[in-house]
Amino acid sequence: MGIHFGVDYYPEHWQRDRWETDAELMKEMGLAVVRMAEFSWHKLEPQEGKYDFAWLDDAIDLLGRYGIRTIVGTPTAAPPAWMVNRYLEILPVDREGRVRGFGGRHHDCQSNAVYRGFVRKIVTAMAVHYKDNPNVIGWQPDNELGNSHHDLCMCESCRKNFQGWLEKKYGTVDRLNEAWGNAFWSQEYNEFSEVFTPGITVTGENPSAMLDWKCFCSDLIVDFMKEQTDIIRKYCPNHFITHNYMGFADKVDYYDLGKELDFVSHDQYPGGFFADESHGRGDILASTLDVVRSYKNKNFWIMEQQSGITGWEVMGRAPAPGQLSLWSLQSVAHGADAVVYFRWRVCAMGTEQYWHGILPHSGNPGRRYYELKEMIQKAAPLMEKMEGSMPAPKVGIVYSFRQNYALQIQPQNPNMSYTEQIQEYYRAFYDRQIPVDFVPDDGDFGKYKLLVAPLQYLMNSELEERYFRYVKNGGHLVLTMRTGVKDETNICMTDRELPGRLSELTGSEVLDYDCLRDARVSAVFQNESHTARNWCDIITVKEGAEVLAVYASEFYAGEPCITKNEYGQGCCYYIGTEPDEAFMAALVRYMTDAAGIAALGNADEGVELAAREKADRRWIFAMNHTDRERTYSVDSSYRLVYGEEAGKLNGYEVQILEREDLR
Amino acid sequence: MGIHFGVDYYPEHWQRDRWETDAELMKEMGLAVVRMAEFSWHKLEPQEGKYDFAWLDDAIDLLGRYGIRTIVGTPTAAPPAWMVNRYLEILPVDREGRVRGFGGRHHDCQSNAVYRGFVRKIVTAMAVHYKDNPNVIGWQPDNELGNSHHDLCMCESCRKNFQGWLEKKYGTVDRLNEAWGNAFWSQEYNEFSEVFTPGITVTGENPSAMLDWKCFCSDLIVDFMKEQTDIIRKYCPNHFITHNYMGFADKVDYYDLGKELDFVSHDQYPGGFFADESHGRGDILASTLDVVRSYKNKNFWIMEQQSGITGWEVMGRAPAPGQLSLWSLQSVAHGADAVVYFRWRVCAMGTEQYWHGILPHSGNPGRRYYELKEMIQKAAPLMEKMEGSMPAPKVGIVYSFRQNYALQIQPQNPNMSYTEQIQEYYRAFYDRQIPVDFVPDDGDFGKYKLLVAPLQYLMNSELEERYFRYVKNGGHLVLTMRTGVKDETNICMTDRELPGRLSELTGSEVLDYDCLRDARVSAVFQNESHTARNWCDIITVKEGAEVLAVYASEFYAGEPCITKNEYGQGCCYYIGTEPDEAFMAALVRYMTDAAGIAALGNADEGVELAAREKADRRWIFAMNHTDRERTYSVDSSYRLVYGEEAGKLNGYEVQILEREDLR
Amino acid sequence: MGIHFGVDYYPEHWQRDRWETDAELMKEMGLAVVRMAEFSWHKLEPQEGKYDFAWLDDAIDLLGRYGIRTIVGTPTAAPPAWMVNRYLEILPVDREGRVRGFGGRHHDCQSNAVYRGFVRKIVTAMAVHYKDNPNVIGWQPDNELGNSHHDLCMCESCRKNFQGWLEKKYGTVDRLNEAWGNAFWSQEYNEFSEVFTPGITVTGENPSAMLDWKCFCSDLIVDFMKEQTDIIRKYCPNHFITHNYMGFADKVDYYDLGKELDFVSHDQYPGGFFADESHGRGDILASTLDVVRSYKNKNFWIMEQQSGITGWEVMGRAPAPGQLSLWSLQSVAHGADAVVYFRWRVCAMGTEQYWHGILPHSGNPGRRYYELKEMIQKAAPLMEKMEGSMPAPKVGIVYSFRQNYALQIQPQNPNMSYTEQIQEYYRAFYDRQIPVDFVPDDGDFGKYKLLVAPLQYLMNSELEERYFRYVKNGGHLVLTMRTGVKDETNICMTDRELPGRLSELTGSEVLDYDCLRDARVSAVFQNESHTARNWCDIITVKEGAEVLAVYASEFYAGEPCITKNEYGQGCCYYIGTEPDEAFMAALVRYMTDAAGIAALGNADEGVELAAREKADRRWIFAMNHTDRERTYSVDSSYRLVYGEEAGKLNGYEVQILEREDLR
């Protein structure tokens, strides 16, 4: 049987005489893989150039004897104190010019040459050491790259690297000046070496410089990881390499990072970073899993699946009985091929003393152990059968890191967020039980009957062309306000009215607009009154386009709010505002009906349906995110393969149904 | 015809081949002047000592051919990157000791000798170059001096300058120690060179040192500008010099700054710095214009009048049809002799991409262009006729930067603000359609029947004497709580009970008081119950004074709250608390009736009446700040010269009425 | 007659010719002692090494002639500017690496060798100078040590001192690594010299390092003061030494600091640091006085008793007539043997211009002077009689600085606070008119019938043993959730289930728990429904223990919430949650009834009863904290010795009753 469940394990935190007990308990529970050693740099290199892998060898061997394989983490998220003391320049500098010190993690400047030298050396040593270890199957370089970085790093090394990156991108400083619009406020540079990193100013900042800075930071992280993956691939060609992503986290462009990986992994914490509620909304959890699947457009692993209360200085709510299993199977439903829990036993020391594992501090199996064990033993054989299957939605939502960056720099309305708007569209499909893919803007649009592309703020002729082609070939495209505002360097388009050339597709122009701030606007759609928020494009319709909704308040009452335009074989919707939940639901119902897209079934509120399929077989997962009894129904050709009474779910219950596919 | 309308123009941000189109459109619209070149240092001096004025010459000439004159801005708000890189010490340092970097504007230490050298050189070069250009009529040194400065600058250069400023002011360090009360907490200095700038401490700060620091910062800005105006006056004796103020902004004492100018200008943004609402309260907008008029006690220009949505990273609300015209004419009503719009075309690049101009990004004239064009063509001839006219209120409100500084340092109650209290008094007159002047505390009090002097916190014998004389000569004076608390160095008076010698004028003493914090107090005035807030002086009335209001709650219920005392030919009110809106309205009604001051007319809520007059003629402006129909009435001797149906205003409509003056 | 009332006096802030008037007014009022000279370093050492004590000698002599004795403060909270300029390294550095500058107070690094040298020299000079002055009776080193320090100091000197402190504590770096759990996130040190101070990191911090840092900071302050007390004791063996504490302030462990003092003093400001309300809740004020008494388990002085509005930049509410007397006598009721007011006359200059004294700025006696004078003249003779008496509660609440530190580092629930929980328990006893002692965890538990030990988070075998012994000998012990979680180095216990070995005492174990965050949980106690918050231990009861309350909501509805277990001669309660006010009241009623503890009497809400006793006599103070009439009753054997009509209190009135003790 393949590997379907595992756990993150830190033998170095515990007495040796406990290790075998842990291995026995893991095996008994059905775990087949562990991830180890990320963060343990000092244990692996206690002094400069002196490596010690013996303890890790022992742990790998012991676990191997219990049939448990190992993913090795490189420890580069935690440079040891000896290194920091000797080379203080590896510490990162923040926007305010403050050095961020030792005592946490990721206290490193990823561009620093000294640091990169240490990284190369330890990764090489590890790769050489483990290349032939039969129990080692794969690698995770570093940990959650991009997490905890915020605005880092603004040190002199990063400044020089940024200058070099710009020179490579723009060639001449004149082109840089033009691309950044440096004529504004006298910001022209005479040489690349004059460019500053964007630290705190007296007031204001250049949005084009900020966008390049964000892209540079992303590229730096990709480069930082690539240096490791290159070494590992050289020595360990038969091992896989993955990395633990964090859903919608955005410091690094996960599409780019994914190019260096065999498959991506994800850390799924429905309880969040010890949030106030025991779990996020079901649709948010689902969207997070779907976006992770999109990063390489293939199934993924969960490298850290929540296994108890999360917490650092404070803790979140306790998962109720059933929730840990529910969340595990939700991951599988959306494309996880393996689920690795974080962590085996809650740590006794350090920052994460209250980030709970499967086992409590005492090490005695309790409620969490027994619940997961039961689920694993039922689910693992099913997952074996599912191998090769994947969700296959007919709706795509375009998701782009660059659009997100640009809108973070200038949100237009302080209440407006690219990611939130993406998730609002997602939610409307989720509530209708219609599966969704995310797709990069250079992805395969043709797979989708309906393609939603919110806030296409930065535009270029290639992307315009892709949208034209998609619609021409019969696609139903959804565009929204703030589309075509900027070119790729974050400078406003000035050659046409909004949305630029795409106005041929939308059949309309935007000559005026209003930023609603905290106010709401009324609108009428299908004779129903609705509300919308954040932004109002006042649309001038050109011949042929259909007005679907009009505003009903403000000085533009009566003006078009949403339009639809037939073009080629397809059509293009233009949504000039941000509909509220009910408005969005009505709109999505209209658009999916028009595109002929059917739901997976019907279900009470709080129940999620999700599907995986392969050539000859399909599965539907029915998942109750509430603590109350709920019902659902799907096509009668499905039969229950996990759960008790098909169609009736107890609180937090999951059922899985299967059918042979008649295609 | 004189110059009444203009626009801020940045030809350097656009292709040359567009310039002529711009000039044509401007002329067609009725614009007669542009401001250019402030912020364009790099374009004017691309390398150290190499000047290039050709592009600006071309723009001035082209516009001149269309009859449009130029005001030249000096670019000293935006030192270029080559300068910053070569002389890092010109960057300013904030209270926390952080260097504020390149990338915005005003990233300069205004005391720095290197920087001042560069400033002198470029201003001299520009003055010499443009002294005989027939299309250049005036100058604006730098931009919005004092704006964006906050607590800057605490660098070593400023420390030394501050020490020198103190030595000049106090002569000996003993007098400094006495003036600052340095005996408290062992803060005595033995030499001026020991004095620190007031950066972050462990806890607490010296209020006298803070006051001198604020005055030093103001003087530094005056000195910084004066160095430029001296140069310009030397070479260009026939050009006017003005500067764009920001209403109640307070980093620099605008009275002092005005001494170097021919007239002051103001940047009027009713939409604020992209505030949540589309515009500020009508009374706030009006008070801002009135205070600007007071800075030189003469009419002024608007150098930046809002011409669309304001915005940086986020945007404010869109001005509705009519609002841009309304705001323009409100400026005129309060004394603007010319209105220059900011900006011609919304910038495509940099921080201000969403600070909208008359034209949108596309450059095509739209709603804003056509609305303003229509208004300008009707209003400009009227403004020609108004030349030499000015508002002439009978009510003065004393406004002082030093009082403001002292009360910012120690607001007494965290909810109490000098400026807000000033504006609360203003509002009560505004709501009664009674025009108001602001007046400095060394201004001409004798013009006013009623003089309101809130929070005369810092006191000296000269100012006391001015108040005594004003009342003795028949003036009605309003004093309030927290008067006479401190001497000029921000040290508490100890020789008498509050309000010091002025108690002879008020006929009362304050032996006890309460700081209300968030609580409200009840009071009875003219048999009506009212509420007040922030502060309660418990007044001990001396023989002869009349009690106008008493407290009705707290342990001082029954004690006097407001008193009136006849003195000489006049009288003095003492208001021991901060009346709420209705209380203030009743009080102002009482006081204006007593002083025999009449309103300009009657009007519905949301309508403002304002007047300009000269020897033989008067105008009343009726302005509807709401989006609904409103009515008003004025003396029947006025006839409508702008607008449709006298007395009836559509949403945002302005009417202007005129009469010959019978005086 | 002994010294019962005094005042803090700053003659150096006023003209010499006023001093004698002050002395006369003090004497007339009944004041017998002043504290002087703390903060006046520059006046005492105007230049390096040049001392000038003449002004202070004069003041001491003059006051002495009026029978007023002096407590001398050392001025080490305010190093002068000449010192700071010459030795910039004495300025402290905060967590963010920012130097905190001159201009406030406590701008000193207490570990800095240069600074310590200056401290030694001036304290020695003063001790030598005043050792034989008959009017000097005692000393206060520095001022409010620990106040205003926050996270200071992180300079290089402190880093080295911290390393030395750690080396002394742990001996070897291996033991440090183990104690701090440095295996987590690769934080192992190879040498003590590698240890960093805990400044800002990229993310996260080590809770064990943080705890040692807090203990180091406390020890540093103790050491800083001890250097001064050692000098003073050497030269002035007949003078007492005290220090002004601040109730529950926690930067320094006040138990440790007290070891160097003859008695502790306290600064009592019911109006707080200019809080929004005129005074804190009566129970909070009372608990503050009780905790101060606990620091040396003996009576204390008030060194700063509020004498008017408090204020710096802003002010608090004015104390109503009667409140200053009420607060003074509340201090006496809880064990103050002398009450010294802060301050004589409100300062005219510097940060504390609005921290009001007995006299206003004018220096003329007013409401506050006459009220306090009347009270002092009635109360002082009574206090003479009370000499040797002290409160003697039967309830103890364990209070520990280390538990507080550990729970500040990791509050578990962001709404949970060690000090607040302590005060919630306190309040329930206060509301029942049952006096309470606080007691350190190495204090004498045996005095108490009921001992409440909330949140015994850090545990060691010695403390366990003390609890076992207390209960075995008949004590009633109250333990709560989060007990026994950690060892002394802030590392989680892993050898047993919670609460560790104490589960034998509680008769229960905690295998699961929930952090409620903002939610509330329902519980049933004595057939009544109650609510609780912050935390829920899900208790597994072992044989013999009694379930007193169960949860009524969440997935653990029906599970035990509070248990009681008989053990030896006594019993142990375990409270698995944080009861709300009514729940706590019911619980405390149950527990005090079970322990046979009686109230001092009955009283209306807002009235506090407190008692002092000695061998042959007892007093009850009845204190009305409201502004309305209130009643109370106590045993009829008491007779009224202060006040008008026994049992009936006007607003803010205090009555004192006395009886001979029949024991």
# chains A, B, ... in the order shown; residues from 1 in each chain; ligands from 1

call {"tool": "residues_around", "arguments": {"residues": "region 530-546 of chain A", "least_positions_apart": "4", "cutoff": "8 Å", "atoms": "only C-alpha atoms", "output": "NGL selection string"}}
result
:A and (413 or 415-416 or 481 or 506-525 or 556 or 559-561 or 563-566 or 576-580 or 582-583)

call {"tool": "write_last_selection", "arguments": {"atoms": "N, CA and C atoms", "output": "tab-separated table (two decimals), in the first residue's frame"}}
result
chain	number	residue	atom	x	y	z
A	413	ASN	N	-9.81	50.84	-2.44
A	413	ASN	CA	-10.64	51.07	-1.26
A	413	ASN	C	-9.97	50.31	-0.12
A	415	ASN	N	-11.09	48.77	2.20
A	415	ASN	CA	-11.81	47.54	2.53
A	415	ASN	C	-11.68	46.48	1.45
A	416	MET	N	-11.01	46.81	0.37
A	416	MET	CA	-10.99	45.91	-0.77
A	416	MET	C	-9.72	45.07	-0.74
A	481	MET	N	-14.63	45.24	-12.22
A	481	MET	CA	-14.04	46.58	-12.05
A	481	MET	C	-12.55	46.46	-11.82
A	506	THR	N	-15.97	43.35	-23.43
A	506	THR	CA	-17.06	43.64	-22.48
A	506	THR	C	-18.19	44.41	-23.14
A	507	GLY	N	-17.91	45.00	-24.26
A	507	GLY	CA	-18.94	45.81	-24.92
A	507	GLY	C	-19.29	47.06	-24.14
A	508	SER	N	-18.36	47.57	-23.38
A	508	SER	CA	-18.67	48.73	-22.54
A	508	SER	C	-17.39	49.47	-22.17
A	509	GLU	N	-17.56	50.70	-21.71
A	509	GLU	CA	-16.44	51.49	-21.20
A	509	GLU	C	-16.78	52.07	-19.84
A	510	VAL	N	-15.74	52.39	-19.09
A	510	VAL	CA	-15.93	52.99	-17.78
A	510	VAL	C	-15.31	54.38	-17.80
A	511	LEU	N	-16.16	55.42	-17.82
A	511	LEU	CA	-15.67	56.80	-17.92
A	511	LEU	C	-15.63	57.47	-16.55
A	512	ASP	N	-16.27	56.85	-15.59
A	512	ASP	CA	-16.39	57.48	-14.27
A	512	ASP	C	-16.57	56.35	-13.25
A	513	TYR	N	-16.18	56.64	-12.01
A	513	TYR	CA	-16.34	55.61	-10.98
A	513	TYR	C	-16.39	56.26	-9.62
A	514	ASP	N	-16.74	55.47	-8.65
A	514	ASP	CA	-16.84	55.96	-7.27
A	514	ASP	C	-16.22	54.92	-6.36
A	515	CYS	N	-15.42	55.41	-5.42
A	515	CYS	CA	-14.87	54.53	-4.40
A	515	CYS	C	-15.78	54.64	-3.19
A	516	LEU	N	-16.50	53.57	-2.88
A	516	LEU	CA	-17.60	53.69	-1.91
A	516	LEU	C	-17.14	53.86	-0.47
A	517	ARG	N	-15.91	53.54	-0.22
A	517	ARG	CA	-15.43	53.52	1.19
A	517	ARG	C	-16.36	52.65	2.04
A	518	ASP	N	-16.81	53.12	3.19
A	518	ASP	CA	-17.64	52.26	4.03
A	518	ASP	C	-19.09	52.18	3.58
A	519	ALA	N	-19.48	53.00	2.62
A	519	ALA	CA	-20.88	53.02	2.21
A	519	ALA	C	-21.24	51.77	1.41
A	520	ARG	N	-22.54	51.51	1.31
A	520	ARG	CA	-23.05	50.46	0.44
A	520	ARG	C	-23.86	51.11	-0.67
A	521	VAL	N	-23.94	50.44	-1.81
A	521	VAL	CA	-24.75	50.95	-2.91
A	521	VAL	C	-25.87	49.94	-3.18
A	522	SER	N	-27.01	50.44	-3.63
A	522	SER	CA	-28.11	49.54	-4.02
A	522	SER	C	-28.02	49.26	-5.51
A	523	ALA	N	-28.50	48.08	-5.89
A	523	ALA	CA	-28.52	47.72	-7.31
A	523	ALA	C	-29.71	46.80	-7.54
A	524	VAL	N	-30.16	46.76	-8.79
A	524	VAL	CA	-31.29	45.89	-9.13
A	524	VAL	C	-30.81	44.87	-10.16
A	525	PHE	N	-31.03	43.59	-9.83
A	525	PHE	CA	-30.66	42.49	-10.72
A	525	PHE	C	-31.84	41.52	-10.78
A	556	TYR	N	-25.37	58.06	-9.54
A	556	TYR	CA	-25.39	57.26	-10.76
A	556	TYR	C	-26.50	56.22	-10.74
A	559	GLU	N	-27.68	53.86	-13.74
A	559	GLU	CA	-26.59	53.52	-14.65
A	559	GLU	C	-26.26	52.02	-14.53
A	560	PRO	N	-25.71	51.45	-15.59
A	560	PRO	CA	-25.40	50.01	-15.57
A	560	PRO	C	-24.34	49.64	-14.55
A	561	CYS	N	-24.53	48.48	-14.01
A	561	CYS	CA	-23.70	47.97	-12.92
A	561	CYS	C	-23.05	46.65	-13.34
A	563	THR	N	-22.88	44.03	-16.90
A	563	THR	CA	-23.27	43.85	-18.31
A	563	THR	C	-22.83	42.48	-18.81
A	564	LYS	N	-23.41	42.09	-19.94
A	564	LYS	CA	-23.05	40.82	-20.57
A	564	LYS	C	-22.92	41.09	-22.07
A	565	ASN	N	-21.90	40.54	-22.66
A	565	ASN	CA	-21.66	40.81	-24.08
A	565	ASN	C	-21.32	39.51	-24.80
A	566	GLU	N	-22.09	39.20	-25.81
A	566	GLU	CA	-21.78	38.02	-26.63
A	566	GLU	C	-20.57	38.36	-27.50
A	576	GLY	N	-19.21	45.60	-12.36
A	576	GLY	CA	-18.58	46.87	-12.03
A	576	GLY	C	-18.50	47.18	-10.55
A	577	THR	N	-18.87	46.24	-9.73
A	577	THR	CA	-18.90	46.48	-8.29
A	577	THR	C	-18.63	45.16	-7.57
A	578	GLU	N	-18.64	45.19	-6.23
A	578	GLU	CA	-18.40	43.97	-5.46
A	578	GLU	C	-19.71	43.55	-4.81
A	579	PRO	N	-20.42	42.60	-5.43
A	579	PRO	CA	-21.74	42.21	-4.92
A	579	PRO	C	-21.63	41.63	-3.51
A	580	ASP	N	-22.64	41.88	-2.69
A	580	ASP	CA	-22.62	41.22	-1.38
A	580	ASP	C	-23.04	39.76	-1.53
A	582	ALA	N	-25.65	37.70	-1.03
A	582	ALA	CA	-26.87	37.26	-1.71
A	582	ALA	C	-26.84	37.65	-3.19
A	583	PHE	N	-26.33	38.82	-3.46
A	583	PHE	CA	-26.20	39.31	-4.84
A	583	PHE	C	-25.27	38.38	-5.62

call {"tool": "closest_atom_pairs", "arguments": {"of": "chain B", "to": "chain A", "cutoff": "8 Å", "atoms": "only C-alpha atoms", "output": "Markdown table"}}
result
| residue | atom | partner | partner_atom | distance |
| --- | --- | --- | --- | --- |
| B:Glu12 | CA | A:Ala183 | CA | 7.2 |
| B:His13 | CA | A:Ala183 | CA | 6.3 |
| B:Phe39 | CA | A:Trp185 | CA | 5.0 |
| B:Ser40 | CA | A:Ser186 | CA | 5.0 |
| B:Trp41 | CA | A:Ser186 | CA | 5.7 |
| B:His42 | CA | A:Ser186 | CA | 5.1 |
| B:Lys43 | CA | A:Ser186 | CA | 7.0 |
| B:Pro46 | CA | A:Asn190 | CA | 8.0 |
| B:Ala78 | CA | A:Ser186 | CA | 6.0 |
| B:Pro79 | CA | A:Ser186 | CA | 7.1 |
| B:Pro80 | CA | A:Ser186 | CA | 5.7 |
| B:Ala81 | CA | A:Tyr189 | CA | 5.9 |
| B:Trp82 | CA | A:Glu194 | CA | 6.8 |
| B:Asn85 | CA | A:Glu194 | CA | 6.3 |
| B:Arg98 | CA | A:Glu96 | CA | 6.9 |
| B:Arg100 | CA | A:Thr201 | CA | 4.7 |
| B:Gly101 | CA | A:Thr201 | CA | 4.7 |
| B:Phe102 | CA | A:Thr201 | CA | 6.1 |
| B:Gly103 | CA | A:Glu205 | CA | 5.4 |
| B:Gly104 | CA | A:Gly204 | CA | 4.6 |
| B:Arg105 | CA | A:Thr203 | CA | 6.2 |
| B:His106 | CA | A:Val202 | CA | 6.4 |
| B:His107 | CA | A:Val202 | CA | 5.8 |
| B:Ser148 | CA | A:Thr203 | CA | 6.1 |
| B:His149 | CA | A:Val202 | CA | 7.0 |
| B:Asp276 | CA | A:Arg517 | CA | 5.7 |
| B:Glu277 | CA | A:Arg517 | CA | 7.9 |
| B:Trp312 | CA | A:Gln410 | CA | 7.4 |
| B:Glu313 | CA | A:Gln410 | CA | 4.0 |
| B:Val314 | CA | A:Gln412 | CA | 4.1 |
| B:Met315 | CA | A:Gln412 | CA | 5.6 |
| B:Gly316 | CA | A:Cys515 | CA | 6.1 |
| B:Arg317 | CA | A:Cys515 | CA | 5.1 |
| B:Ala318 | CA | A:Asp514 | CA | 4.9 |
| B:Ala320 | CA | A:Phe555 | CA | 6.4 |
| B:Pro321 | CA | A:Phe555 | CA | 7.7 |
| B:Ala348 | CA | A:Cys492 | CA | 4.6 |
| B:Met349 | CA | A:Gly181 | CA | 5.1 |
| B:Gly350 | CA | A:Asn206 | CA | 4.9 |
| B:Thr351 | CA | A:Asn206 | CA | 5.3 |
| B:Gln353 | CA | A:Cys492 | CA | 7.3 |
| B:His361 | CA | A:Thr494 | CA | 5.0 |
| B:Ser362 | CA | A:Thr494 | CA | 4.5 |
| B:Gly363 | CA | A:Thr494 | CA | 7.2 |
| B:Gly366 | CA | A:Leu511 | CA | 7.6 |

call {"tool": "closest_residue", "arguments": {"among": "A:Gly280, A:Gly396, A:Gly388, A:Pro134", "to": "Ile422 (chain A)", "atoms": "only C-alpha atoms"}}
result
A:Gly396

call {"tool": "select_by_dssp", "arguments": {"residues": "region 299-457 of chain A", "states": "helix (DSSP H, G or I)", "output": "ChimeraX atom specification"}}
result
/A:323-333,367-386,401-409,418-431,445-447

call {"tool": "atom_distance", "arguments": {"atom1": "CA of Gln423 (chain B)", "atom2": "CA of Ile597 (chain B)"}}
result
19.4 Å

call {"tool": "atom_distance", "arguments": {"atom1": "CA of Lys298 (chain B)", "atom2": "CA of Tyr255 (chain B)"}}
result
12.0 Å

call {"tool": "atom_distance", "arguments": {"atom1": "CA of Leu548 (chain A)", "atom2": "CA of Thr592 (chain A)"}}
result
14.9 Å

call {"tool": "residues_around", "arguments": {"residues": "region 155-160 of chain B", "least_positions_apart": "4", "cutoff": "9 Å", "atoms": "only C-alpha atoms", "output": "number ranges by chain"}}
result
B: 89, 91-94, 97, 99, 109-113, 164-165, 193, 195-197

call {"tool": "write_last_selection", "arguments": {"atoms": "N, CA and C atoms", "output": "compact mmCIF listing (two decimals), in the first residue's frame"}}
result
# COMPACT_ATOMS: atom_id res chain seq x y z
N GLU B 89 23.68 62.39 4.85
CA GLU B 89 23.32 63.17 6.04
C GLU B 89 22.19 64.15 5.79
N LEU B 91 19.34 63.23 4.80
CA LEU B 91 18.09 62.52 5.15
C LEU B 91 17.68 62.87 6.58
N PRO B 92 16.41 63.04 6.81
CA PRO B 92 15.96 63.42 8.15
C PRO B 92 15.88 62.21 9.09
N VAL B 93 15.92 62.50 10.38
CA VAL B 93 15.89 61.48 11.44
C VAL B 93 14.66 61.76 12.30
N ASP B 94 13.90 60.72 12.60
CA ASP B 94 12.67 60.94 13.35
C ASP B 94 12.86 60.77 14.86
N GLY B 97 14.74 58.00 16.21
CA GLY B 97 16.12 57.86 15.76
C GLY B 97 16.24 57.15 14.43
N VAL B 99 16.27 56.88 10.43
CA VAL B 99 16.46 57.69 9.25
C VAL B 99 15.29 57.44 8.30
N CYS B 109 16.61 67.14 5.57
CA CYS B 109 16.77 67.88 6.82
C CYS B 109 16.92 69.34 6.45
N GLN B 110 15.99 70.16 6.89
CA GLN B 110 15.99 71.55 6.43
C GLN B 110 17.06 72.43 7.08
N SER B 111 17.75 71.87 8.07
CA SER B 111 18.84 72.65 8.68
C SER B 111 20.20 72.24 8.12
N ASN B 112 20.22 71.17 7.37
CA ASN B 112 21.50 70.61 6.94
C ASN B 112 22.23 71.57 5.98
N ALA B 113 23.49 71.87 6.29
CA ALA B 113 24.23 72.89 5.53
C ALA B 113 24.47 72.44 4.10
N GLY B 164 21.76 76.48 19.06
CA GLY B 164 22.06 77.86 18.70
C GLY B 164 20.82 78.75 18.84
N TRP B 165 19.69 78.22 18.43
CA TRP B 165 18.42 78.95 18.53
C TRP B 165 18.11 79.27 20.00
N SER B 193 25.47 73.27 24.69
CA SER B 193 25.85 72.11 23.87
C SER B 193 25.40 70.79 24.49
N VAL B 195 22.24 70.33 25.38
CA VAL B 195 20.80 70.19 25.12
C VAL B 195 20.55 69.11 24.07
N PHE B 196 19.58 68.25 24.36
CA PHE B 196 19.19 67.21 23.40
C PHE B 196 17.94 67.63 22.64
N THR B 197 17.77 67.06 21.45
CA THR B 197 16.47 67.17 20.78
C THR B 197 15.51 66.20 21.47

call {"tool": "residues_around", "arguments": {"residues": "Ser265 (chain C)", "least_positions_apart": "4", "cutoff": "8 Å", "atoms": "only C-alpha atoms", "output": "PDB file with C-alpha atoms, in the first residue's frame"}}
result
ATOM      1  CA  THR C 242      12.301  52.092  52.813  1.00  0.00           C
ATOM      2  CA  HIS C 243      11.275  52.257  49.168  1.00  0.00           C
ATOM      3  CA  ASN C 244       8.115  53.369  47.457  1.00  0.00           C
ATOM      4  CA  TYR C 245       6.459  50.325  45.828  1.00  0.00           C
ATOM      5  CA  VAL C 292       1.842  45.701  49.750  1.00  0.00           C
ATOM      6  CA  PHE C 300       3.899  49.713  55.779  1.00  0.00           C
ATOM      7  CA  TRP C 301       3.954  53.395  54.929  1.00  0.00           C
ATOM      8  CA  ILE C 302       2.191  55.180  52.165  1.00  0.00           C
ATOM      9  CA  MET C 303       4.989  57.275  50.680  1.00  0.00           C
TER      10      MET C 303
END

call {"tool": "select_by_dssp", "arguments": {"residues": "region 9-102 of chain B", "states": "strand (DSSP E or B)", "output": "ChimeraX atom specification"}}
result
/B:33-36,47,50,69-73,93,99,101
